[in-house]
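Data file: input_19.txt. Format and content: compact mmCIF, C-alpha atoms.
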# COMPACT_ATOMS: atom_id res chain seq x y z
CA MET A 1 40.53 151.50 -16.99
CA SER A 2 37.27 149.72 -17.10
CA LYS A 3 37.25 150.13 -20.87
CA ASP A 4 40.56 148.48 -20.84
CA SER A 5 39.42 145.68 -18.62
CA ARG A 6 36.28 145.35 -20.68
CA MET A 7 38.41 145.02 -23.79
CA ARG A 8 40.47 142.43 -22.11
CA ALA A 9 37.43 140.50 -21.06
CA THR A 10 36.11 140.62 -24.59
CA ILE A 11 39.32 139.40 -26.05
CA ASN A 12 39.64 136.63 -23.55
CA GLN A 13 36.12 135.64 -24.21
CA LYS A 14 36.73 135.51 -27.94
CA LEU A 15 39.88 133.61 -27.44
CA THR A 16 38.05 130.92 -25.54
CA GLU A 17 34.95 130.84 -27.65
CA MET A 18 36.74 130.46 -30.90
CA GLY A 19 38.85 127.65 -29.54
CA GLU A 20 42.00 129.58 -30.05
CA ARG A 21 42.94 129.33 -26.42
CA ASP A 22 42.84 125.55 -26.48
CA ARG A 23 44.78 125.46 -29.68
CA LEU A 24 47.41 127.69 -28.22
CA LYS A 25 47.58 125.58 -25.11
CA GLU A 26 48.14 122.42 -27.12
CA LEU A 27 50.69 124.09 -29.27
CA LEU A 28 52.61 125.28 -26.25
CA ARG A 29 52.55 121.88 -24.56
CA ALA A 30 53.74 120.15 -27.70
CA LYS A 31 56.55 122.60 -28.22
CA LEU A 32 57.70 122.39 -24.64
CA THR A 33 57.79 118.61 -24.69
CA GLU A 34 59.60 118.64 -27.98
CA CYS A 35 62.32 120.98 -26.82
CA GLY A 36 62.93 119.04 -23.61
CA TRP A 37 61.50 121.55 -21.23
CA LYS A 38 59.20 118.98 -19.73
CA ASP A 39 62.03 116.55 -18.97
CA GLN A 40 64.07 119.29 -17.42
CA MET A 41 61.15 120.27 -15.23
CA LYS A 42 60.53 116.67 -14.23
CA ALA A 43 64.13 116.29 -13.15
CA HIS A 44 63.71 119.39 -11.06
CA CYS A 45 60.55 117.95 -9.59
CA LYS A 46 62.47 114.84 -8.57
CA GLU A 47 64.93 116.94 -6.69
CA VAL A 48 62.17 118.84 -4.95
CA ILE A 49 60.40 115.63 -4.00
CA LYS A 50 63.56 114.04 -2.68
CA GLU A 51 64.11 117.16 -0.67
CA LYS A 52 60.64 117.35 0.78
CA GLY A 53 60.14 113.64 1.21
CA LEU A 54 58.05 111.37 -0.98
CA GLU A 55 55.15 111.02 1.38
CA HIS A 56 54.55 114.63 2.26
CA VAL A 57 54.88 116.53 -0.95
CA THR A 58 51.83 118.57 -1.88
CA VAL A 59 50.68 120.23 -5.04
CA GLU A 60 51.35 123.60 -3.52
CA ASP A 61 54.93 122.68 -2.83
CA LEU A 62 55.47 121.70 -6.36
CA VAL A 63 53.75 124.71 -7.81
CA VAL A 64 55.73 127.08 -5.71
CA GLU A 65 58.99 125.45 -6.69
CA ILE A 66 58.27 124.74 -10.29
CA THR A 67 56.47 127.71 -11.71
CA PRO A 68 59.16 130.36 -11.54
CA LYS A 69 61.75 127.99 -12.89
CA GLY A 70 59.37 126.86 -15.59
CA ARG A 71 58.71 130.34 -16.73
CA ALA A 72 62.39 131.04 -16.97
CA LEU A 73 63.27 127.90 -18.84
CA VAL A 74 60.91 128.33 -21.77
CA PRO A 75 63.09 128.60 -24.88
CA ASP A 76 63.07 131.84 -26.78
CA SER A 77 61.85 130.32 -30.01
CA VAL A 78 58.79 128.90 -28.35
CA LYS A 79 58.06 132.16 -26.65
CA LYS A 80 58.41 134.11 -29.85
CA GLU A 81 56.12 131.84 -31.75
CA LEU A 82 53.41 132.03 -29.16
CA LEU A 83 53.58 135.76 -28.93
CA HIS A 84 53.35 135.95 -32.68
CA ARG A 85 50.22 133.89 -32.76
CA ILE A 86 48.55 135.81 -30.00
CA ARG A 87 49.33 139.06 -31.73
CA ALA A 88 47.93 137.75 -34.96
CA PHE A 89 44.74 136.77 -33.22
CA LEU A 90 44.43 140.12 -31.58
CA SER A 91 45.02 142.07 -34.72
CA GLN A 92 42.30 140.06 -36.38
CA HIS A 93 39.73 140.28 -33.66
CA ALA A 94 40.39 143.36 -31.67
CA THR A 95 37.83 146.12 -32.11
CA MET B 1 54.71 139.99 -43.36
CA LYS B 2 57.27 141.31 -40.98
CA MET B 3 54.92 143.71 -39.33
CA GLU B 4 53.30 140.91 -37.46
CA ASP B 5 56.45 140.17 -35.54
CA MET B 6 56.76 143.68 -34.23
CA PRO B 7 54.67 145.06 -31.42
CA LEU B 8 51.39 146.50 -32.50
CA SER B 9 51.55 150.08 -33.55
CA GLY B 10 49.22 152.80 -32.39
CA PRO B 11 48.39 154.37 -29.04
CA ASP B 12 46.91 151.24 -27.70
CA ASN B 13 50.11 149.57 -28.49
CA THR B 14 51.40 149.22 -25.05
CA LYS B 15 48.11 148.04 -23.73
CA LEU B 16 47.71 145.49 -26.45
CA GLU B 17 51.25 144.40 -26.08
CA ALA B 18 50.74 144.05 -22.38
CA LEU B 19 47.67 142.04 -23.11
CA VAL B 20 49.57 139.79 -25.42
CA HIS B 21 52.15 139.15 -22.78
CA ASP B 22 49.53 138.56 -20.19
CA ILE B 23 47.87 135.98 -22.35
CA TYR B 24 51.22 134.37 -22.94
CA SER B 25 52.01 134.22 -19.24
CA GLU B 26 48.66 132.72 -18.56
CA LEU B 27 49.34 129.98 -21.08
CA VAL B 28 52.74 129.20 -19.63
CA ASP B 29 51.40 129.08 -16.11
CA ASP B 30 48.75 126.74 -17.30
CA ALA B 31 51.37 124.42 -18.73
CA CYS B 32 53.41 124.47 -15.53
CA LEU B 33 50.37 123.74 -13.43
CA GLY B 34 49.46 120.87 -15.67
CA LEU B 35 52.90 119.45 -15.17
CA CYS B 36 52.69 119.83 -11.42
CA PHE B 37 49.40 118.00 -11.26
CA GLU B 38 50.80 115.23 -13.38
CA VAL B 39 53.89 114.82 -11.24
CA HIS B 40 52.00 115.03 -7.99
CA ARG B 41 49.55 112.39 -9.09
CA ALA B 42 52.41 110.16 -10.19
CA VAL B 43 54.09 110.56 -6.83
CA LYS B 44 50.98 109.79 -4.86
CA GLN B 45 50.13 106.84 -7.06
CA GLY B 46 53.64 105.57 -6.68
CA PHE B 47 54.84 105.41 -10.27
CA PHE B 48 56.91 108.54 -10.42
CA PHE B 49 60.23 106.94 -9.55
CA LEU B 50 59.73 103.72 -11.48
CA ASP B 51 62.56 104.24 -13.88
CA GLU B 52 65.05 104.56 -11.09
CA THR B 53 65.86 101.40 -9.25
CA ASP B 54 68.81 100.92 -6.93
CA GLN B 55 72.22 102.32 -7.58
CA GLU B 56 73.71 98.95 -8.34
CA SER B 57 71.37 98.13 -11.18
CA MET B 58 71.69 101.61 -12.54
CA LYS B 59 75.44 101.20 -12.77
CA GLU B 60 75.15 97.81 -14.36
CA PHE B 61 73.05 98.98 -17.25
CA GLU B 62 74.71 102.28 -17.85
CA ILE B 63 75.23 103.33 -21.42
CA VAL B 64 78.68 102.29 -22.61
CA ASP B 65 80.56 104.73 -24.75
CA GLN B 66 83.80 103.02 -25.74
CA PRO B 67 85.20 102.46 -29.19
CA GLY B 68 84.78 99.00 -30.68
CA VAL B 69 81.85 98.21 -28.47
CA ASP B 70 78.13 98.95 -28.72
CA ILE B 71 76.20 100.83 -26.05
CA PHE B 72 75.51 97.62 -24.18
CA GLY B 73 79.18 96.82 -24.06
CA GLN B 74 79.07 93.93 -26.49
CA VAL B 75 81.60 93.43 -29.21
CA TYR B 76 80.12 93.48 -32.67
CA ASN B 77 81.70 90.69 -34.68
CA GLN B 78 82.79 88.52 -31.84
CA TRP B 79 81.85 85.25 -33.52
CA LYS B 80 83.12 86.10 -36.92
CA ASN B 81 86.44 84.36 -36.72
CA LYS B 82 85.46 81.48 -34.53
CA GLU B 83 85.55 77.98 -35.86
CA CYS B 84 83.75 75.00 -34.48
CA GLU B 85 84.67 71.36 -34.71
CA CYS B 86 81.94 69.25 -36.18
CA PRO B 87 81.22 66.32 -33.87
CA ASN B 88 80.43 64.17 -36.86
CA CYS B 89 83.17 64.66 -39.36
CA LYS B 90 85.68 66.37 -37.06
CA ARG B 91 86.29 69.23 -39.41
CA LEU B 92 86.67 72.83 -38.43
CA ILE B 93 83.77 74.81 -39.78
CA ALA B 94 83.21 78.55 -39.65
CA ALA B 95 80.66 79.53 -37.05
CA SER B 96 78.20 81.03 -39.48
CA ARG B 97 78.28 77.97 -41.68
CA PHE B 98 78.08 75.51 -38.84
CA ALA B 99 74.37 74.98 -38.74
CA PRO B 100 73.90 74.22 -42.44
CA HIS B 101 76.95 72.00 -42.34
CA LEU B 102 75.55 69.99 -39.45
CA GLU B 103 72.30 69.61 -41.27
CA LYS B 104 73.99 68.00 -44.22
CA CYS B 105 76.53 66.13 -42.19
CA LEU B 106 74.02 64.41 -39.97
CA GLY B 107 71.51 63.92 -42.72
CA MET B 108 68.73 65.58 -40.79
CA GLY B 109 66.78 68.61 -41.78
CA ARG B 110 64.71 69.23 -44.85
CA ASN B 111 67.38 70.02 -47.37
CA SER B 112 69.50 66.99 -46.81
CA SER B 113 66.62 64.62 -47.42
CA ARG B 114 65.67 66.51 -50.54
CA ILE B 115 69.15 66.29 -51.94
CA ALA B 116 69.42 62.63 -51.07
CA ASN B 117 66.17 61.90 -52.82
CA ARG B 118 67.27 63.81 -55.83
CA ARG B 119 70.48 61.85 -56.01
CA LEU B 120 68.63 58.66 -55.60
CA ALA B 121 66.35 59.57 -58.43
CA SER B 122 69.17 60.39 -60.77
CA ASN B 123 70.96 57.25 -59.79
CA ASN B 124 67.87 55.36 -60.74
CA ASN B 125 67.99 56.94 -64.14
CA MET B 126 71.66 56.23 -64.50
CA SER B 127 71.44 52.63 -63.46
CA LYS B 128 68.65 51.89 -65.83
CA SER B 129 70.24 53.42 -68.84
CA GLU B 130 73.46 51.49 -68.92
CA SER B 131 75.10 48.61 -67.21
CA ASP B 132 78.50 48.84 -68.82
CA GLN B 133 80.74 50.57 -66.40
CA GLU B 134 83.76 51.31 -68.51
CA ASP B 135 82.14 54.12 -70.38
CA ASN B 136 80.35 55.24 -67.34
CA ASP B 137 82.27 58.41 -66.89
CA ASP B 138 81.17 59.89 -70.14
CA LEU B 139 77.70 58.58 -70.05
CA ASN B 140 77.34 59.53 -66.46
CA ASP B 141 77.47 63.17 -67.36
CA ASN B 142 74.55 62.88 -69.67
CA ASP B 143 72.57 60.83 -67.31
CA TRP B 144 73.26 63.10 -64.45
CA SER B 145 71.87 66.04 -66.24
CA TYR B 146 68.98 63.98 -67.44
CA GLY B 147 68.38 62.95 -63.90
CA ALA B 148 68.58 66.54 -62.81
CA GLU B 149 65.79 67.43 -65.16
CA LYS B 150 63.69 64.75 -63.72
CA LYS B 151 64.50 65.67 -60.21
CA GLY B 152 61.57 67.92 -59.75
CA GLU B 153 59.12 65.22 -60.58
CA LEU B 154 60.77 62.51 -58.62
CA GLY B 155 62.26 64.42 -55.78
CA GLY B 156 58.98 65.95 -54.83
CA SER B 157 57.11 62.72 -54.61
CA ILE B 158 59.91 60.89 -52.93
CA GLY B 159 60.40 63.64 -50.46
CA SER B 160 56.81 63.41 -49.43
CA GLU B 161 57.30 59.97 -48.04
CA PRO B 162 58.76 59.91 -44.58
CA TYR B 163 62.08 58.13 -44.55
CA LYS B 164 64.60 57.12 -42.06
CA TYR B 165 67.91 57.28 -43.73
CA ASN B 166 70.17 54.28 -43.41
CA TYR B 167 71.80 52.42 -46.18
CA ASN B 168 74.06 49.53 -46.74
CA THR B 169 77.00 50.02 -48.86
CA GLY B 170 77.80 46.77 -50.49
CA ILE B 171 77.52 43.07 -50.83
CA SER B 172 78.24 40.50 -48.23
CA TYR B 173 80.99 38.39 -49.60
CA GLU B 174 80.08 35.42 -47.49
CA SER B 175 76.98 34.75 -49.49
CA LEU B 176 78.74 34.52 -52.82
CA GLY B 177 80.52 31.66 -54.44
CA PRO B 178 84.09 31.94 -55.71
CA ASP B 179 83.06 32.44 -59.30
CA GLU B 180 80.70 35.16 -58.38
CA VAL B 181 83.33 36.76 -56.26
CA ARG B 182 85.81 36.66 -59.08
CA SER B 183 83.43 38.17 -61.55
CA LEU B 184 82.49 40.81 -59.04
CA LEU B 185 86.04 41.68 -58.27
CA SER B 186 86.93 41.99 -61.90
CA THR B 187 84.43 44.75 -62.35
CA GLN B 188 84.02 46.32 -58.94
CA CYS B 189 86.18 47.81 -56.28
CA GLY B 190 85.16 45.14 -53.78
CA VAL B 191 86.95 46.50 -50.77
CA ILE B 192 85.35 45.14 -47.65
CA SER B 193 84.18 47.76 -45.21
CA GLU B 194 85.23 47.14 -41.64
CA HIS B 195 81.98 48.35 -40.21
CA THR B 196 79.48 46.58 -42.34
CA LYS B 197 81.56 43.68 -43.66
CA LYS B 198 80.31 44.36 -47.13
CA MET B 199 82.11 44.75 -50.42
CA CYS B 200 82.26 48.10 -52.06
CA THR B 201 80.24 48.03 -55.25
CA ARG B 202 81.81 51.02 -56.89
CA SER B 203 84.11 50.95 -59.83
CA GLN B 204 87.72 49.88 -59.87
CA ARG B 205 88.65 53.49 -59.66
CA CYS B 206 86.49 54.29 -56.69
CA PRO B 207 88.17 57.10 -54.83
CA GLN B 208 87.21 55.88 -51.41
CA HIS B 209 89.56 52.93 -51.47
CA THR B 210 93.13 52.56 -52.54
CA ASP B 211 94.48 49.96 -54.89
CA GLU B 212 96.28 48.42 -51.99
CA GLN B 213 93.00 47.74 -50.34
CA ARG B 214 91.59 46.29 -53.50
CA ARG B 215 94.56 44.03 -53.88
CA ALA B 216 94.30 42.94 -50.29
CA VAL B 217 90.67 42.07 -50.71
CA ARG B 218 91.34 40.02 -53.76
CA VAL B 219 94.06 38.16 -52.01
CA PHE B 220 91.80 37.60 -49.08
CA LEU B 221 88.87 36.36 -51.11
CA LEU B 222 90.51 34.50 -53.92
CA GLY B 223 93.79 33.38 -52.48
CA PRO B 224 97.34 34.55 -53.11
CA SER B 225 97.13 33.89 -56.80
CA ALA B 226 94.44 36.45 -57.31
CA PRO B 227 94.42 38.29 -60.60
CA SER B 228 95.92 41.71 -60.49
CA LEU B 229 93.76 44.76 -60.59
CA PRO B 230 93.08 45.98 -64.07
CA ASP B 231 93.50 49.52 -63.00
CA ALA B 232 96.62 50.67 -61.22
CA ASP B 233 95.90 54.32 -60.82
CA THR B 234 96.02 55.78 -57.40
CA VAL B 235 93.01 57.80 -56.76
CA ALA B 236 92.90 60.77 -54.49
CA GLU B 237 90.74 60.02 -51.59
CA SER B 238 89.79 63.40 -50.51
CA ASP B 239 87.63 63.77 -53.52
CA SER B 240 84.19 65.07 -54.08
CA PHE B 241 81.81 65.05 -51.22
CA ASP B 242 79.04 63.23 -52.85
CA ILE B 243 80.94 60.00 -53.35
CA PRO B 244 79.62 58.33 -50.24
CA ASP B 245 76.14 59.20 -51.23
CA GLY B 246 76.64 57.99 -54.74
CA GLN B 247 78.14 54.78 -53.54
CA ALA B 248 75.36 54.26 -51.12
CA LEU B 249 72.72 54.96 -53.67
CA MET B 250 74.34 52.76 -56.21
CA SER B 251 74.62 49.86 -53.88
CA ARG B 252 71.13 50.42 -52.77
CA LEU B 253 70.01 50.19 -56.29
CA GLN B 254 71.59 46.91 -56.88
CA TRP B 255 72.00 44.92 -53.79
CA GLU B 256 69.76 46.29 -51.19
CA ASP B 257 66.21 47.24 -51.49
CA SER B 258 66.00 49.45 -48.49
CA PRO B 259 65.45 52.93 -49.75
CA ASP B 260 67.27 54.62 -46.94
CA ILE B 261 70.29 56.81 -46.98
CA SER B 262 72.37 58.15 -44.19
CA PRO B 263 75.63 59.92 -44.67
CA THR B 264 76.72 58.84 -41.21
CA ASP B 265 76.66 55.26 -42.35
CA SER B 266 78.59 56.13 -45.40
CA ALA B 267 81.13 57.90 -43.30
CA SER B 268 81.60 54.85 -41.19
CA SER B 269 81.98 52.64 -44.17
CA LYS B 270 84.72 54.68 -45.73
CA ALA B 271 88.21 53.59 -45.00
CA SER B 272 89.60 57.04 -45.07
CA ALA B 273 86.61 59.01 -44.05
CA ASN B 274 87.40 62.65 -43.81
CA HIS B 275 84.18 64.22 -44.72
CA SER B 276 80.73 63.12 -45.27
CA ASP B 277 78.98 66.37 -44.97
CA SER B 278 78.05 68.33 -47.99
CA ARG B 279 75.66 66.73 -50.34
CA LYS B 280 76.28 68.92 -53.32
CA PRO B 281 76.77 66.62 -56.25
CA LYS B 282 79.77 67.29 -58.41
CA LYS B 283 78.37 66.07 -61.57
CA LYS B 284 81.51 65.21 -63.44
CA LYS B 285 82.82 62.90 -60.81
CA ARG B 286 80.11 60.35 -60.60
CA THR B 287 81.84 57.02 -60.29
CA SER B 288 80.83 54.12 -62.40
CA LEU B 289 78.06 51.98 -61.20
CA ALA B 290 78.47 48.29 -61.12
CA LEU B 291 75.09 47.12 -61.96
CA ASN B 292 75.10 43.46 -62.44
CA CYS B 293 71.67 42.27 -61.96
CA GLY B 294 72.81 38.81 -62.72
CA GLY B 295 74.87 38.77 -59.59
CA GLY B 296 71.93 37.44 -57.74
CA GLY B 297 70.78 40.49 -56.00
CA GLY B 298 67.37 41.97 -56.05
CA GLY B 299 66.22 44.68 -58.31
CA VAL B 300 65.53 48.19 -57.38
CA GLY B 301 62.89 49.05 -54.91
CA ALA B 302 64.34 52.40 -54.31
CA GLY B 303 61.95 55.16 -53.53
CA GLY B 304 58.86 53.15 -54.08
CA GLY B 305 59.77 50.69 -51.40
CA GLY B 306 58.52 52.85 -48.61
CA GLY B 307 61.06 51.66 -46.15
CA SER B 308 60.78 47.95 -46.51
CA SER B 309 63.84 45.89 -47.05
CA LEU B 310 63.41 43.18 -49.59
CA THR B 311 65.88 40.43 -49.70
CA GLY B 312 64.77 39.11 -53.01
CA GLY B 313 67.42 36.78 -54.18
CA CYS B 314 65.55 35.31 -57.03
CA SER B 315 65.42 36.73 -60.47
CA SER B 316 61.69 36.82 -60.58
CA SER B 317 61.48 39.17 -57.72
CA SER B 318 64.29 41.16 -59.13
CA SER B 319 62.59 41.51 -62.42
CA SER B 320 59.33 42.42 -60.83
CA GLN B 321 61.07 44.97 -58.76
CA SER B 322 62.94 46.35 -61.68
CA ASN B 323 59.70 46.59 -63.50
CA LEU B 324 58.27 48.41 -60.61
CA SER B 325 61.13 50.79 -60.49
CA VAL B 326 61.02 51.39 -64.19
CA SER B 327 57.38 52.12 -64.14
CA SER B 328 57.59 54.06 -60.95
CA LYS B 329 60.45 56.03 -62.30
CA LYS B 330 58.33 57.29 -65.12
CA LYS B 331 55.13 57.86 -63.29
CA ARG B 332 56.26 58.20 -59.75
CA PRO B 333 53.70 60.63 -58.42
CA LYS B 334 50.80 58.45 -59.32
CA LEU B 335 52.15 55.00 -58.79
CA SER B 336 53.92 55.34 -55.49
CA ALA B 337 50.97 54.03 -53.56
CA PRO B 338 50.29 51.04 -55.75
CA SER B 339 53.95 50.12 -55.98
CA ILE B 340 54.27 50.11 -52.23
CA SER B 341 51.33 47.83 -51.86
CA SER B 342 52.60 45.49 -54.51
CA ILE B 343 55.98 45.20 -52.90
CA TYR B 344 54.32 44.32 -49.67
CA ASP B 345 52.39 41.73 -51.55
CA ASP B 346 55.62 40.23 -52.66
CA LEU B 347 56.81 40.04 -49.11
CA ASN B 348 53.63 38.43 -47.93

Take the structure from the file and write it as structure tokens.
Amino acid sequence: MSKDSRMRATINQKLTEMGERDRLKELLRAKLTECGWKDQMKAHCKEVIKEKGLEHVTVEDLVVEITPKGRALVPDSVKKELLHRIRAFLSQHAT
Amino acid sequence: MKMEDMPLSGPDNTKLEALVHDIYSELVDDACLGLCFEVHRAVKQGFFFLDETDQESMKEFEIVDQPGVDIFGQVYNQWKNKECECPNCKRLIAASRFAPHLEKCLGMGRNSSRIANRRLASNNNMSKSESDQEDNDDLNDNDWSYGAEKKGELGGSIGSEPYKYNYNTGISYESLGPDEVRSLLSTQCGVISEHTKKMCTRSQRCPQHTDEQRRAVRVFLLGPSAPSLPDADTVAESDSFDIPDGQALMSRLQWEDSPDISPTDSASSKASANHSDSRKPKKKKRTSLALNCGGGGGGVGAGGGGGSSLTGGCSSSSSSQSNLSVSSKKKRPKLSAPSISSIYDDLN
């Protein structure tokens, strides 16, 4: 298992060092905005805030409410593309 | 290559695949968290709900989705068929043409002064080239086009001088003796305008006045035994639009030295004024010009006069002025300043 975790650590490290992680992050953000995911999530946020009250909403509240829904709402195309890119990176740089 | 889309092959497949998914999840979580921070900050700073005001305003500006109407609820070609009544000439003008019409009708705006100056210039040419009015119609055509060629030279320089546009349309019959009146009436229309009390200086066939009016004037001025009009044609009065301008210019040339034009004045002077708006010259319909310099009027100070009104009744001043106008006609751009000063010298 440690070999496994070591491999993971290595890959993560490479991902960050080579800037691929940031690139992937930007790509994901752009795609999500483009496909309307962000607006959907904002609308959901509004509901949550109205529910909890404008003054007392905390980051935790939002995270707890938003994250599961956010994960579910990512469109398939975006997901596929990201997975594809990660796989490509791995196949290039995995030992 | 299609292989890249499939999960990685080999014994470490599952682990690598799991890793891939883990990395993916991490990225998505990152995005969600970023969004949460953004929203939370907006809420605490107070600008999160800025695009939502109260219910009433929201309803007011809702997107409209009806046929025949744009998303604001406005009709597209609402003003297409509307007509407006011109306060000046009382005609009904289409809405989209109303502004240019007003410009010409009132004689304000850049274009109307340009056109007036151009007409004035061509009238200058016409008046100088012949004084016999019977053949005027034919000769007028040539002169008009000749004048049109010259218009660039003259119109530009004239237009550069600031003018107020008024003009007088005829002669005052009170100042003339009976012989003069008779000779005038035998060649000119002579109808006395109600507004300005002046005689029309256009030809016997001037379309602004009827023969009845001409006869009445002759009776009035010369007594019941006045000679009959040489020309008995009835002329349509709703003729070309540039007649008032031509008449004004013509009379300006001969009897008045004020270089001003205003179509409103011409409208008032017409007996049957229907329209005094458009200034587009219809070249074939230029009426004859009665240009009797011997009638005792002054010469032409048109254009070069710079706004001064010269009541030169003597032939010397008329000749000097006609000289001025002749010379200024040819070399207007250069001589406008000197001619103005010389006219003022005459006055003083």

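Of the listed residues (B:Ser183, B:Leu50, B:Asp29, B:Pro100), B:Asp29 comes nearest to A:Lys69; the distances count all atoms listed in the file.
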
If you take only C-alpha atoms and a cut-off of 8 Å, which residues of chain A touch chain B, and what are their nearest atom pairs and distances in Å to one decimal, in chain and number order, as CSV?
residue,atom,partner,partner_atom,distance
A:Arg8,CA,B:Leu19,CA,7.3
A:Leu24,CA,B:Leu27,CA,7.7
A:Lys25,CA,B:Leu27,CA,6.2
A:Leu28,CA,B:Ala31,CA,7.7
A:Arg29,CA,B:Ala31,CA,6.5
A:Lys38,CA,B:Leu35,CA,7.8
A:Lys42,CA,B:Val39,CA,7.5
A:Cys45,CA,B:Val39,CA,7.5
A:Leu54,CA,B:Val43,CA,7.1
A:Glu55,CA,B:Lys44,CA,7.6
A:Val57,CA,B:His40,CA,7.8
A:Thr58,CA,B:His40,CA,7.1
A:Val59,CA,B:His40,CA,6.1
A:Leu62,CA,B:Cys36,CA,6.1
A:Val63,CA,B:Cys36,CA,6.2
A:Ile66,CA,B:Cys32,CA,7.2
A:Thr67,CA,B:Cys32,CA,5.9
A:Gly70,CA,B:Cys32,CA,6.4
A:Arg71,CA,B:Val28,CA,6.7
A:Leu82,CA,B:Tyr24,CA,7.0
A:Leu83,CA,B:Tyr24,CA,6.6
A:His84,CA,B:Asp5,CA,6.0
A:Ile86,CA,B:Val20,CA,6.2
A:Arg87,CA,B:Val20,CA,6.4
A:Ala88,CA,B:Glu4,CA,6.7

Coordinates-based distance that separates atom CA of B:Leu106 from atom CA of B:Asn88 (Å, one decimal):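 Atom-to-atom, atom CA of B:Asn88 and atom CA of B:Leu106 are spaced 7.1 Å apart.
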
Atom CA of B:Asp22 to atom CA of A:Ser77, distance in Å rounded to a single decimal: 17.8 Å

Between atom CA of B:Phe47 and atom CA of A:Glu47, distance in Å (one decimal): 15.7 Å

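Among the candidate residues B:His209, B:His101, B:Arg214, B:Arg119, the one lying nearest to B:Leu185 is B:Arg214, with distances computed using all atoms listed in the file.
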
Give the padded box for stretch 16-22 of chain A as JSON: axis-aligned, covering all atoms listed in the file, 5 Å on each side, centre and edge lengths in Å to one decimal.
{"center_x": 38.9, "center_y": 128.2, "center_z": -28.2, "size_x": 18.0, "size_y": 15.4, "size_z": 15.4}

Among the residues A:Lys80, A:Lys46, A:Lys14, A:Lys31, the one that comes closest to A:His93 [using only C-alpha atoms]: A:Lys14
